[in-house]
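Visitor: Shown below is the structure under consideration.
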Amino acid sequence: MLQAVARLFFLIYWVIFLFTGNFHRGLYDMIGLYERYSARANGFLLGYSEIYPPFDFDTGPEDNRAYPPVTLSLPEPPESAPRIAALNWLLAIPHYIVLMVFGIGAVLAAIVAWFAVLFTGAWPDGLRAFVVRVSNYYYRIWTYVVMVENDYPKFGLPAR
């Protein structure tokens, strides 16, 4: 349900930007709230922590460290951006294709890591680093799509 609301907020955010050329800070913060909660919930699902993530609905871009195993600080929206940035979601399609391939790899890594945790009690460092890097790649694309970062993102996983 929260994801559907975030998608609706993004659509409204995008239309406002398209017609006014300005960012709606409140909508950006609400979309960021969803992304942060999603990152925390996925971190719990992947086994980064045995502690269930809190229902923390802080809307600022800076992470408040309410769930230390997973932190997500987002950039502040800029004062303005060129209206052509409204097409960033379209230009990001090749990234989403690459991200799907990496996402499949991350799911496989998480499955292997689950068995490793079952038998050794710890995530293998290399597998965890890969899953985190895939997540970081997703958020690089996300900041481009929401027009906060207007430099076209580089393809591939960020360096460690």
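FYI, nothing fancy with the structure tokens labels: chains A, B, ... in order, residues from 1 per chain, ligands from 1 as they appear.
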Neighbours of region 87-94 of chain A within 8 Å (only C-alpha atoms; same-chain residues fewer than 6 positions away dropped), as a PyMOL selection string?

Guide: chain A and resi 141+144-147+150

Visitor: Tell me, which residues of region 4-159 of chain A carry DSSP helix (DSSP H, G or I), written as a PyMOL selection string?

Guide: chain A and resi 4-20+25-46+83-91+93-120+125-145

Visitor: How would the residues just picked look written out with C-alpha atoms as a JSON list (two decimals), in the first residue's frame?

Guide:
[["chain", "number", "residue", "atom", "x", "y", "z"],
["A", 4, "ALA", "CA", 1.25, 2.58, -4.34],
["A", 5, "VAL", "CA", 0.98, 5.86, -2.43],
["A", 6, "ALA", "CA", 4.64, 6.65, -3.16],
["A", 7, "ARG", "CA", 4.10, 5.99, -6.88],
["A", 8, "LEU", "CA", 1.06, 8.27, -6.85],
["A", 9, "PHE", "CA", 3.06, 10.97, -5.05],
["A", 10, "PHE", "CA", 5.80, 10.63, -7.66],
["A", 11, "LEU", "CA", 3.28, 11.09, -10.46],
["A", 12, "ILE", "CA", 1.91, 14.25, -8.81],
["A", 13, "TYR", "CA", 5.48, 15.44, -8.08],
["A", 14, "TRP", "CA", 6.40, 14.91, -11.74],
["A", 15, "VAL", "CA", 3.31, 16.73, -13.07],
["A", 16, "ILE", "CA", 3.93, 19.68, -10.74],
["A", 17, "PHE", "CA", 7.53, 19.87, -11.96],
["A", 18, "LEU", "CA", 6.46, 19.56, -15.59],
["A", 19, "PHE", "CA", 4.02, 22.48, -15.36],
["A", 20, "THR", "CA", 5.80, 24.77, -12.87],
["A", 25, "ARG", "CA", 9.50, 19.55, -1.29],
["A", 26, "GLY", "CA", 6.73, 17.83, 0.70],
["A", 27, "LEU", "CA", 6.09, 15.26, -2.01],
["A", 28, "TYR", "CA", 9.83, 14.65, -2.42],
["A", 29, "ASP", "CA", 10.12, 14.04, 1.32],
["A", 30, "MET", "CA", 7.18, 11.61, 1.27],
["A", 31, "ILE", "CA", 8.71, 9.68, -1.64],
["A", 32, "GLY", "CA", 11.99, 9.62, 0.30],
["A", 33, "LEU", "CA", 10.16, 8.34, 3.38],
["A", 34, "TYR", "CA", 8.91, 5.39, 1.34],
["A", 35, "GLU", "CA", 12.36, 4.69, -0.12],
["A", 36, "ARG", "CA", 13.97, 4.77, 3.35],
["A", 37, "TYR", "CA", 11.34, 2.50, 4.89],
["A", 38, "SER", "CA", 11.60, 0.14, 1.92],
["A", 39, "ALA", "CA", 15.40, 0.00, 2.26],
["A", 40, "ARG", "CA", 15.08, -0.82, 5.97],
["A", 41, "ALA", "CA", 12.39, -3.46, 5.42],
["A", 42, "ASN", "CA", 14.41, -5.07, 2.62],
["A", 43, "GLY", "CA", 17.50, -5.02, 4.84],
["A", 44, "PHE", "CA", 15.55, -6.90, 7.51],
["A", 45, "LEU", "CA", 14.20, -9.33, 4.90],
["A", 46, "LEU", "CA", 17.73, -9.98, 3.65],
["A", 83, "ARG", "CA", 12.42, 21.18, -17.55],
["A", 84, "ILE", "CA", 14.00, 18.56, -19.78],
["A", 85, "ALA", "CA", 14.72, 16.69, -16.53],
["A", 86, "ALA", "CA", 11.08, 15.59, -16.63],
["A", 87, "LEU", "CA", 12.27, 13.06, -19.22],
["A", 88, "ASN", "CA", 14.85, 11.51, -16.87],
["A", 89, "TRP", "CA", 12.51, 8.58, -16.15],
["A", 90, "LEU", "CA", 12.47, 7.76, -19.85],
["A", 91, "LEU", "CA", 16.23, 8.12, -20.25],
["A", 93, "ILE", "CA", 15.12, 2.78, -19.03],
["A", 94, "PRO", "CA", 18.49, 1.28, -20.10],
["A", 95, "HIS", "CA", 19.61, 1.53, -16.46],
["A", 96, "TYR", "CA", 16.51, -0.31, -15.30],
["A", 97, "ILE", "CA", 17.30, -3.14, -17.74],
["A", 98, "VAL", "CA", 20.85, -3.40, -16.37],
["A", 99, "LEU", "CA", 19.47, -3.13, -12.83],
["A", 100, "MET", "CA", 17.14, -6.09, -13.49],
["A", 101, "VAL", "CA", 20.15, -8.24, -14.40],
["A", 102, "PHE", "CA", 22.02, -7.13, -11.28],
["A", 103, "GLY", "CA", 18.82, -7.60, -9.26],
["A", 104, "ILE", "CA", 18.60, -11.24, -10.34],
["A", 105, "GLY", "CA", 22.21, -11.65, -9.25],
["A", 106, "ALA", "CA", 21.42, -9.96, -5.92],
["A", 107, "VAL", "CA", 18.51, -12.34, -5.31],
["A", 108, "LEU", "CA", 20.75, -15.33, -6.04],
["A", 109, "ALA", "CA", 23.44, -13.88, -3.76],
["A", 110, "ALA", "CA", 20.85, -13.40, -1.01],
["A", 111, "ILE", "CA", 19.72, -17.03, -1.34],
["A", 112, "VAL", "CA", 23.31, -18.29, -1.13],
["A", 113, "ALA", "CA", 23.92, -15.92, 1.80],
["A", 114, "TRP", "CA", 20.82, -17.24, 3.55],
["A", 115, "PHE", "CA", 22.34, -20.72, 3.54],
["A", 116, "ALA", "CA", 25.68, -19.33, 4.65],
["A", 117, "VAL", "CA", 23.97, -17.57, 7.58],
["A", 118, "LEU", "CA", 22.10, -20.77, 8.40],
["A", 119, "PHE", "CA", 25.34, -22.75, 8.69],
["A", 120, "THR", "CA", 27.92, -20.16, 9.77],
["A", 125, "ASP", "CA", 31.39, -10.22, 3.17],
["A", 126, "GLY", "CA", 31.60, -10.46, -0.62],
["A", 127, "LEU", "CA", 27.94, -11.38, -1.03],
["A", 128, "ARG", "CA", 26.81, -8.63, 1.32],
["A", 129, "ALA", "CA", 28.99, -6.08, -0.50],
["A", 130, "PHE", "CA", 27.48, -7.13, -3.83],
["A", 131, "VAL", "CA", 23.88, -6.75, -2.58],
["A", 132, "VAL", "CA", 24.69, -3.36, -1.04],
["A", 133, "ARG", "CA", 26.33, -2.20, -4.29],
["A", 134, "VAL", "CA", 23.24, -3.23, -6.27],
["A", 135, "SER", "CA", 21.12, -1.21, -3.82],
["A", 136, "ASN", "CA", 23.43, 1.79, -4.20],
["A", 137, "TYR", "CA", 23.12, 1.53, -7.99],
["A", 138, "TYR", "CA", 19.33, 1.57, -7.64],
["A", 139, "TYR", "CA", 19.48, 4.74, -5.54],
["A", 140, "ARG", "CA", 21.81, 6.43, -8.05],
["A", 141, "ILE", "CA", 19.17, 5.80, -10.69],
["A", 142, "TRP", "CA", 16.40, 6.87, -8.30],
["A", 143, "THR", "CA", 17.99, 10.28, -7.66],
["A", 144, "TYR", "CA", 18.23, 10.77, -11.43],
["A", 145, "VAL", "CA", 14.61, 9.77, -12.05]]

Visitor: Restricting the calculation to only C-alpha atoms: of A:Leu157, A:Leu2, A:Val70, A:Ala81, which residue gets closest to Ser49 (chain A)?

Guide: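 Looking at the shortest contact to Ser49 (chain A), the residue is A:Val70.
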
Visitor: Which is closest to Val148 (chain A) among A:Pro77, A:Leu72, A:Ala66, A:Asp56, if we use only C-alpha atoms?

Guide: A:Pro77

Visitor: Counting only C-alpha atoms, which of A:His24, A:Pro69, A:Gln3, A:Pro78 gets nearest to Pro54 (chain A)?

Guide: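 The closest residue to Pro54 (chain A) is A:Pro69.
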